[in-house]
Amino acid sequence: MDISEAEWEIMRVIWANGHSTSSDILTILSKKTSWKASTIKTLLSRLVQKDYLVTSKVGNKFVYRATVSENVALNHKMQHIVKQVCAKKRGQILGDLLAESKLTQHDIHALQQLLMTKLEAAPTEIACDCIPGQCTCHL
Ligand SMILES: [Zn+2]
């Protein structure tokens with residue numbers, strides 16, 4: 001999955017609204033960006049080419065819909081980031097992310113439950129999955 005930061009802004013509008021026209025997107029994103037209508041059209045056509053959006057003509061306007069859910073796309077993005085570090089460091093990185101995140105009591109209870117479930121099947125050690133020279137495990 002390969003959605004750029006600019007394309008992500010467009011996807012968020014479509015995820016939130018279900019379907020959108022380029023002028024809907026322009027109106028919403030004008031509060032955040034100074035993009036012109038042509039910028040949005042370029043980003044939309046790139047997202048259609050990449051199969052993350054489908055478009056259909058309704059009246060005289062093109063309506064865009066997402067082919068991938070926000071959760072699936074976000075999960076991919078996060079997995080991608082997590083896999084950029086040694087498997088041995090991932091627990092620490094997730095801990096850092098949690099430490100910096102604002103969480104409700106409900107979020108924390110849900111995370112506690114998830115961790116307790118994982119604890120039962122957790123290994124005592126994680127194997128490094130890097131090639132020698134990209135982490136310090138082999139030194
Ligand atoms: Zn390693």
# chains A, B, ... in the order shown; residues from 1 in each chain; ligands from 1
>>> residues_near_ligand(ligand="ligand 1", cutoff="12 Å", atoms="only C-alpha atoms and all ligand atoms", output="list in words")
Lys83, Gln84, Val85, Cys86, Ala87, Lys88, Lys89, Arg90, Ile126, Ala127, Cys128, Asp129, Cys130, Ile131, Pro132, Gly133, Gln134, Cys135, Thr136, Cys137, His138 and Leu139 of chain A
>>> select_by_dssp(residues="stretch 44-111 of chain A", states="strand (DSSP E)", output="list in words")
Leu53, Val54, Thr55, Ser56, Lys57, Val58, Lys61, Phe62, Val63, Tyr64, Arg65 and Ala66 of chain A
>>> select_by_dssp(residues="chain A", states="helix (DSSP H, G or I)", output="NGL selection string")
:A and (5-17 or 22-29 or 37-49 or 70-82 or 87-100 or 105-121)
>>> closest_residue(among="A:Trp8, A:Trp15, A:Leu98, A:Thr21", to="A:Asn60", atoms="only C-alpha atoms")
A:Thr21
>>> atom_distance(atom1="atom CA of A:Ala121", atom2="atom CA of A:Gly95")
18.9 Å
>>> closest_residue(among="A:Val68, A:Thr27, A:Asp2, A:Leu111", to="A:Leu94", atoms="only C-alpha atoms")
A:Leu111
>>> residues_around(residues="A:Ile10", least_positions_apart="3", cutoff="8 Å", atoms="only C-alpha atoms", output="MDAnalysis selection string")
chainID A and resid 6:7 13:14 25 40 43:44
>>> atom_distance(atom1="atom CA of A:Asn17", atom2="atom CA of A:Thr67")
13.6 Å
>>> closest_residue(among="A:Leu103, A:Ala16, A:Met116, A:Met11", to="A:Leu53", atoms="only C-alpha atoms")
A:Met11
>>> decode(residues="stretch 33-53 of chain A", atoms="N, CA, C and O atoms", output="tab-separated table (two decimals), in the first residue's frame")
chain	number	residue	atom	x	y	z
A	33	THR	N	-5.46	23.40	3.76
A	33	THR	CA	-4.43	23.50	2.73
A	33	THR	C	-4.78	24.68	1.81
A	33	THR	O	-5.87	25.23	1.88
A	34	SER	N	-3.82	25.03	0.95
A	34	SER	CA	-4.12	26.07	-0.05
A	34	SER	C	-4.15	25.42	-1.44
A	34	SER	O	-3.85	26.06	-2.43
A	35	TRP	N	-4.53	24.15	-1.48
A	35	TRP	CA	-4.58	23.42	-2.74
A	35	TRP	C	-5.62	24.00	-3.67
A	35	TRP	O	-6.70	24.42	-3.25
A	36	LYS	N	-5.28	23.99	-4.96
A	36	LYS	CA	-6.23	24.43	-5.99
A	36	LYS	C	-7.04	23.22	-6.45
A	36	LYS	O	-6.69	22.07	-6.17
A	37	ALA	N	-8.12	23.51	-7.16
A	37	ALA	CA	-8.98	22.44	-7.69
A	37	ALA	C	-8.15	21.45	-8.53
A	37	ALA	O	-8.37	20.23	-8.46
A	38	SER	N	-7.17	21.99	-9.28
A	38	SER	CA	-6.35	21.12	-10.14
A	38	SER	C	-5.48	20.16	-9.32
A	38	SER	O	-5.27	19.02	-9.72
A	39	THR	N	-5.01	20.63	-8.16
A	39	THR	CA	-4.20	19.77	-7.28
A	39	THR	C	-5.04	18.58	-6.81
A	39	THR	O	-4.61	17.43	-6.83
A	40	ILE	N	-6.26	18.88	-6.39
A	40	ILE	CA	-7.15	17.84	-5.89
A	40	ILE	C	-7.50	16.85	-7.01
A	40	ILE	O	-7.50	15.64	-6.79
A	41	LYS	N	-7.73	17.37	-8.19
A	41	LYS	CA	-8.04	16.48	-9.33
A	41	LYS	C	-6.87	15.56	-9.65
A	41	LYS	O	-7.07	14.38	-9.96
A	42	THR	N	-5.66	16.11	-9.57
A	42	THR	CA	-4.46	15.28	-9.81
A	42	THR	C	-4.35	14.17	-8.77
A	42	THR	O	-4.11	13.01	-9.11
A	43	LEU	N	-4.54	14.54	-7.50
A	43	LEU	CA	-4.45	13.56	-6.42
A	43	LEU	C	-5.54	12.49	-6.56
A	43	LEU	O	-5.29	11.30	-6.38
A	44	LEU	N	-6.74	12.94	-6.93
A	44	LEU	CA	-7.85	11.99	-7.12
A	44	LEU	C	-7.54	11.00	-8.25
A	44	LEU	O	-7.77	9.80	-8.10
A	45	SER	N	-6.98	11.51	-9.36
A	45	SER	CA	-6.74	10.59	-10.47
A	45	SER	C	-5.62	9.61	-10.14
A	45	SER	O	-5.66	8.45	-10.53
A	46	ARG	N	-4.64	10.07	-9.33
A	46	ARG	CA	-3.58	9.16	-8.88
A	46	ARG	C	-4.17	8.05	-8.00
A	46	ARG	O	-3.81	6.88	-8.12
A	47	LEU	N	-5.09	8.43	-7.12
A	47	LEU	CA	-5.71	7.44	-6.22
A	47	LEU	C	-6.60	6.46	-6.98
A	47	LEU	O	-6.69	5.30	-6.60
A	48	VAL	N	-7.21	6.93	-8.06
A	48	VAL	CA	-8.00	6.02	-8.91
A	48	VAL	C	-7.05	5.05	-9.63
A	48	VAL	O	-7.30	3.85	-9.67
A	49	GLN	N	-5.93	5.60	-10.14
A	49	GLN	CA	-4.93	4.74	-10.82
A	49	GLN	C	-4.39	3.66	-9.90
A	49	GLN	O	-4.15	2.54	-10.33
A	50	LYS	N	-4.20	4.03	-8.62
A	50	LYS	CA	-3.67	3.08	-7.65
A	50	LYS	C	-4.75	2.14	-7.11
A	50	LYS	O	-4.48	1.33	-6.22
A	51	ASP	N	-6.00	2.31	-7.59
A	51	ASP	CA	-7.13	1.46	-7.16
A	51	ASP	C	-7.57	1.67	-5.71
A	51	ASP	O	-8.21	0.80	-5.14
A	52	TYR	N	-7.24	2.82	-5.12
A	52	TYR	CA	-7.74	3.10	-3.77
A	52	TYR	C	-9.09	3.83	-3.83
A	52	TYR	O	-9.79	3.93	-2.84
A	53	LEU	N	-9.42	4.36	-5.01
A	53	LEU	CA	-10.70	5.02	-5.22
A	53	LEU	C	-11.33	4.50	-6.50
A	53	LEU	O	-10.63	4.10	-7.44
